[in-house]
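Let me begin by presenting the structure, written as structure tokens, before commenting on it.
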Amino acid sequence: MPISTEDATRFAQTFAGLVDGVSVALLDKVPTIRLALTTMLAGGHLLLEDAPGTGKTALARAMAAVISGSHSRIQFTPDLLPSDITGVSMYDQKTGEWGFHAGPVFAQIVLADEINRASPKTQSALLEVMEESQVTVGGTTYPAPCPFMVMATQNPVEQAGTYPLPEAQLDRFLMRTSVGYPSRTAMIEVLDGAASPDRSRLVKPLLSAEQVTALASLAAGNHTDRAVLDYVAALAEATRDDESSLLGVSTRGTIGMVRCARVWAAAQGRNFVLPDDVKALAGPVWVHRVVVDPDAAFSGATAQGVIARALTTVPAPAVGV
């Protein structure tokens with residue numbers, strides 16, 4: 001059943017409160033915070049591509065704090081093993097039984113720092129838990145906590161000794177964005193509190209894990225007109241047919257767009273999705289899913305350009321109240 005106008009209004013008020021709460025730790029980054037919260041409430045995972053020291057860890061900690069959730073950080077290195085992420089089964093000599101020792105992936109907000117520095121085998125250890133919200137060790141399946149979100153980071157500049165994420169793994173991230181450097185005003189505030197640099201400790205919990213799950217379920221029911229669904233499908237087809245594109249938006253990418261658009265619309269107090277919601281999210285949701293042809297890339301073509309052309313050439317439907 002579609003959500004009511006009153007439900008959408010309450011959702012928007014709660015969402016705004018979450019944004020304000022996280023903003024205590026990450027100053028002057030409301031657009032990035034809104035995208036991160038939308039990813040979480042849409043049940044997805046976030047890829048952050050940014051230079052070191054821009055606040056990615058603070059964002060993860062603040063999001064965990066504001067929802068009263070658990071948080072863990074995994075530093076990916078070349079010698080990291082899959083079991084270092086998922087956990088291991090160990091034999092207890094006292095009890096004579098095997099017991100599972102959970103790894104750091106069993107947290108509600110998991111920061112996978114510099115994910116491209118680990119080997120592909122270790123990177124793939126995240127695939128099952130990201131897609132299925134569960135981990136299988138020794139033939140036994142262990143569910144991840146709920147809500148569950150992976151925030152992976154990678155340095156877009158320093159690529160020496162890294163293992164680029166394959167397209168199949170990139171496609172499992174619902175959004176890709178960056179934090180960026182703070183404005184001058186925000187930088188002054190950060191420097192003024194340099195004696196206590198971890199501002200995430202100032203974040204106060206606003207919701208419980210159960211309330212976050214209920215919010216996500218509410219947004220999932222937001223009305224999406226078939227004309228908007230057709231618009232999403234047409235945009236995806238346009239990215240596949242673009243002459244510069246080697247690989248366009250996948251079916252998973254179109255499903256992810258609809259999930260995000262429903263949350264995005266509810267966060268603005270609407271109980272229906274507009275084409276403008278799709279346009280606003282096209283970059284973060286789709287840019288990492290488009291692979292540009294190498295010859296076209298040599299001539300200056302980019303994934304952003306492919307998406308921009310799709311938004312320009314595909315007419316948006318007239319959808320209103």
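Starting from 1 in every chain, residues are counted up; chains themselves are A, B, ... following the order of the structure tokens, and ligands are numbered from 1 as listed.
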*range 83-302 of chain A: residues DSSP assigns to strand (DSSP E or B), reported as an MDAnalysis selection string*: chainID A and resid 87:92 97:102 109:113 134:137 140:143 149:154 175:177 223 245:247 272 291:292
Once DSSP has gone over the backbone, tell me which residues of range 247-321 of chain A are in helix (DSSP H, G or I), as an mmCIF file with N, CA and C atoms, in the first residue's frame.
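As a result, part_39.cif now contains:
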```cif
data_model
loop_
_atom_site.group_PDB
_atom_site.id
_atom_site.type_symbol
_atom_site.label_atom_id
_atom_site.label_comp_id
_atom_site.auth_asym_id
_atom_site.auth_seq_id
_atom_site.Cartn_x
_atom_site.Cartn_y
_atom_site.Cartn_z
ATOM 1 N N THR A 251 20.707 -4.029 -15.049
ATOM 2 C CA THR A 251 19.369 -4.163 -14.461
ATOM 3 C C THR A 251 19.420 -3.870 -12.972
ATOM 4 N N ARG A 252 20.490 -4.336 -12.299
ATOM 5 C CA ARG A 252 20.651 -4.028 -10.876
ATOM 6 C C ARG A 252 20.717 -2.520 -10.665
ATOM 7 N N GLY A 253 21.345 -1.821 -11.597
ATOM 8 C CA GLY A 253 21.451 -0.373 -11.498
ATOM 9 C C GLY A 253 20.105 0.329 -11.609
ATOM 10 N N THR A 254 19.222 -0.186 -12.474
ATOM 11 C CA THR A 254 17.895 0.432 -12.608
ATOM 12 C C THR A 254 17.045 0.167 -11.367
ATOM 13 N N ILE A 255 17.165 -1.045 -10.823
ATOM 14 C CA ILE A 255 16.436 -1.359 -9.584
ATOM 15 C C ILE A 255 16.931 -0.457 -8.452
ATOM 16 N N GLY A 256 18.245 -0.292 -8.377
ATOM 17 C CA GLY A 256 18.813 0.575 -7.356
ATOM 18 C C GLY A 256 18.349 2.010 -7.485
ATOM 19 N N MET A 257 18.203 2.478 -8.722
ATOM 20 C CA MET A 257 17.724 3.846 -8.937
ATOM 21 C C MET A 257 16.321 4.033 -8.375
ATOM 22 N N VAL A 258 15.438 3.080 -8.631
ATOM 23 C CA VAL A 258 14.058 3.189 -8.139
ATOM 24 C C VAL A 258 14.034 3.166 -6.611
ATOM 25 N N ARG A 259 14.841 2.298 -6.009
ATOM 26 C CA ARG A 259 14.899 2.251 -4.544
ATOM 27 C C ARG A 259 15.365 3.581 -3.972
ATOM 28 N N CYS A 260 16.402 4.153 -4.578
ATOM 29 C CA CYS A 260 16.925 5.435 -4.088
ATOM 30 C C CYS A 260 15.933 6.565 -4.314
ATOM 31 N N ALA A 261 15.282 6.570 -5.466
ATOM 32 C CA ALA A 261 14.343 7.643 -5.795
ATOM 33 C C ALA A 261 13.166 7.658 -4.832
ATOM 34 N N ARG A 262 12.736 6.481 -4.398
ATOM 35 C CA ARG A 262 11.629 6.427 -3.443
ATOM 36 C C ARG A 262 12.019 7.055 -2.113
ATOM 37 N N VAL A 263 13.244 6.765 -1.651
ATOM 38 C CA VAL A 263 13.725 7.374 -0.416
ATOM 39 C C VAL A 263 13.908 8.873 -0.602
ATOM 40 N N TRP A 264 14.507 9.268 -1.722
ATOM 41 C CA TRP A 264 14.787 10.680 -2.011
ATOM 42 C C TRP A 264 13.501 11.495 -2.036
ATOM 43 N N ALA A 265 12.448 10.940 -2.649
ATOM 44 C CA ALA A 265 11.166 11.651 -2.708
ATOM 45 C C ALA A 265 10.552 11.775 -1.320
ATOM 46 N N ALA A 266 10.581 10.691 -0.546
ATOM 47 C CA ALA A 266 10.021 10.738 0.811
ATOM 48 C C ALA A 266 10.789 11.712 1.687
ATOM 49 N N ALA A 267 12.105 11.822 1.465
ATOM 50 C CA ALA A 267 12.916 12.752 2.250
ATOM 51 C C ALA A 267 12.546 14.203 1.969
ATOM 52 N N PRO A 275 10.277 12.530 -11.974
ATOM 53 C CA PRO A 275 11.456 12.379 -12.827
ATOM 54 C C PRO A 275 12.650 13.187 -12.331
ATOM 55 N N ASP A 276 12.381 14.314 -11.661
ATOM 56 C CA ASP A 276 13.483 15.128 -11.118
ATOM 57 C C ASP A 276 14.278 14.369 -10.062
ATOM 58 N N ASP A 277 13.626 13.459 -9.340
ATOM 59 C CA ASP A 277 14.345 12.644 -8.370
ATOM 60 C C ASP A 277 15.354 11.746 -9.074
ATOM 61 N N VAL A 278 14.940 11.188 -10.197
ATOM 62 C CA VAL A 278 15.825 10.335 -10.985
ATOM 63 C C VAL A 278 16.994 11.150 -11.535
ATOM 64 N N LYS A 279 16.700 12.342 -12.021
ATOM 65 C CA LYS A 279 17.759 13.196 -12.560
ATOM 66 C C LYS A 279 18.782 13.566 -11.478
ATOM 67 N N ALA A 280 18.296 13.863 -10.283
ATOM 68 C CA ALA A 280 19.187 14.270 -9.196
ATOM 69 C C ALA A 280 20.108 13.140 -8.759
ATOM 70 N N LEU A 281 19.654 11.904 -8.918
ATOM 71 C CA LEU A 281 20.412 10.753 -8.438
ATOM 72 C C LEU A 281 21.183 10.027 -9.534
ATOM 73 N N ALA A 282 21.001 10.429 -10.785
ATOM 74 C CA ALA A 282 21.602 9.690 -11.904
ATOM 75 C C ALA A 282 23.112 9.577 -11.775
ATOM 76 N N GLY A 283 23.774 10.662 -11.392
ATOM 77 C CA GLY A 283 25.222 10.629 -11.252
ATOM 78 C C GLY A 283 25.689 9.689 -10.159
ATOM 79 N N PRO A 284 25.291 9.903 -8.903
ATOM 80 C CA PRO A 284 25.755 9.035 -7.811
ATOM 81 C C PRO A 284 25.380 7.563 -7.974
ATOM 82 N N VAL A 285 24.208 7.281 -8.544
ATOM 83 C CA VAL A 285 23.753 5.896 -8.629
ATOM 84 C C VAL A 285 24.333 5.175 -9.848
ATOM 85 N N TRP A 286 24.630 5.906 -10.917
ATOM 86 C CA TRP A 286 24.967 5.240 -12.169
ATOM 87 C C TRP A 286 26.392 5.455 -12.677
ATOM 88 N N VAL A 287 27.094 6.477 -12.218
ATOM 89 C CA VAL A 287 28.367 6.812 -12.863
ATOM 90 C C VAL A 287 29.386 5.685 -12.754
ATOM 91 N N HIS A 288 29.380 4.926 -11.665
ATOM 92 C CA HIS A 288 30.353 3.842 -11.508
ATOM 93 C C HIS A 288 29.932 2.564 -12.216
ATOM 94 N N ARG A 289 28.751 2.558 -12.799
ATOM 95 C CA ARG A 289 28.264 1.373 -13.513
ATOM 96 C C ARG A 289 28.499 1.466 -15.017
ATOM 97 N N PRO A 294 37.522 2.113 -24.439
ATOM 98 C CA PRO A 294 38.887 2.658 -24.313
ATOM 99 C C PRO A 294 39.248 3.676 -25.391
ATOM 100 N N ASP A 295 38.839 3.421 -26.626
ATOM 101 C CA ASP A 295 39.137 4.373 -27.708
ATOM 102 C C ASP A 295 38.419 5.702 -27.482
ATOM 103 N N ALA A 296 37.163 5.611 -27.012
ATOM 104 C CA ALA A 296 36.402 6.832 -26.734
ATOM 105 C C ALA A 296 36.996 7.569 -25.545
ATOM 106 N N ALA A 297 37.449 6.808 -24.535
ATOM 107 C CA ALA A 297 38.063 7.434 -23.374
ATOM 108 C C ALA A 297 39.335 8.173 -23.762
ATOM 109 N N PHE A 298 40.075 7.620 -24.705
ATOM 110 C CA PHE A 298 41.302 8.277 -25.171
ATOM 111 C C PHE A 298 40.974 9.626 -25.823
ATOM 112 N N ALA A 303 32.222 8.572 -18.240
ATOM 113 C CA ALA A 303 30.946 8.005 -17.811
ATOM 114 C C ALA A 303 29.950 9.114 -17.488
ATOM 115 N N GLN A 304 30.442 10.202 -16.905
ATOM 116 C CA GLN A 304 29.571 11.341 -16.605
ATOM 117 C C GLN A 304 28.951 11.893 -17.890
ATOM 118 N N GLY A 305 29.751 11.927 -18.955
ATOM 119 C CA GLY A 305 29.249 12.424 -20.235
ATOM 120 C C GLY A 305 28.184 11.522 -20.813
ATOM 121 N N VAL A 306 28.355 10.210 -20.671
ATOM 122 C CA VAL A 306 27.357 9.259 -21.167
ATOM 123 C C VAL A 306 26.023 9.477 -20.457
ATOM 124 N N ILE A 307 26.070 9.637 -19.138
ATOM 125 C CA ILE A 307 24.844 9.838 -18.367
ATOM 126 C C ILE A 307 24.217 11.190 -18.699
ATOM 127 N N ALA A 308 25.045 12.215 -18.857
ATOM 128 C CA ALA A 308 24.529 13.547 -19.195
ATOM 129 C C ALA A 308 23.811 13.525 -20.542
ATOM 130 N N ARG A 309 24.357 12.803 -21.517
ATOM 131 C CA ARG A 309 23.701 12.712 -22.831
ATOM 132 C C ARG A 309 22.377 11.968 -22.726
ATOM 133 N N ALA A 310 22.340 10.934 -21.905
ATOM 134 C CA ALA A 310 21.085 10.202 -21.723
ATOM 135 C C ALA A 310 20.009 11.105 -21.124
ATOM 136 N N LEU A 311 20.383 11.905 -20.135
ATOM 137 C CA LEU A 311 19.419 12.821 -19.510
ATOM 138 C C LEU A 311 18.953 13.898 -20.478
ATOM 139 N N THR A 312 19.792 14.232 -21.420
ATOM 140 C CA THR A 312 19.450 15.268 -22.400
ATOM 141 C C THR A 312 18.562 14.726 -23.507
ATOM 142 N N THR A 313 18.835 13.512 -23.967
ATOM 143 C CA THR A 313 18.130 12.962 -25.136
ATOM 144 C C THR A 313 16.820 12.261 -24.776
#
```
Using only C-alpha atoms, tabulate the residues of range 49-153 of chain A lying at most 6 Å from any atom of range 177-188 of chain A, each with its closest atom pair and that distance in Å to one decimal, by chain and increasing residue number, as a tab-separated table.
```
residue	atom	partner	partner_atom	distance
A:Glu49	CA	A:Ser178	CA	5.3
A:Asp50	CA	A:Ser178	CA	5.5
A:Thr54	CA	A:Tyr181	CA	5.8
```
*Any idea what the distance is between CA of Ser72 in chain A and CA of Ser217 in chain A?*
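CA of Ser217 in chain A lies 24.7 Å from CA of Ser72 in chain A.
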*Might you pull out every residue within 8 Å of range 132-138 of chain A, with only C-alpha atoms counted and same-chain residues fewer than 4 positions away left off, and present them as a list in words?*
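Within the cut-off, the hits are Thr86, Gly87, Val88, Ser89, Glu128, Tyr142, Pro143, Ala144, Pro145 and Phe148 of chain A.
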Would you output that residue set with C-alpha atoms, as a compact mmCIF listing (two decimals), in the first residue's frame?
```txt
# COMPACT_ATOMS: atom_id res chain seq x y z
CA THR A 86 34.22 -12.51 7.96
CA GLY A 87 35.57 -14.29 11.04
CA VAL A 88 36.66 -17.88 11.70
CA SER A 89 35.45 -21.08 13.34
CA GLU A 128 28.12 -12.28 -0.20
CA TYR A 142 25.39 -16.20 9.90
CA PRO A 143 23.09 -13.20 9.26
CA ALA A 144 24.47 -9.67 9.28
CA PRO A 145 22.89 -7.14 11.64
CA PHE A 148 23.62 -3.18 7.51
```
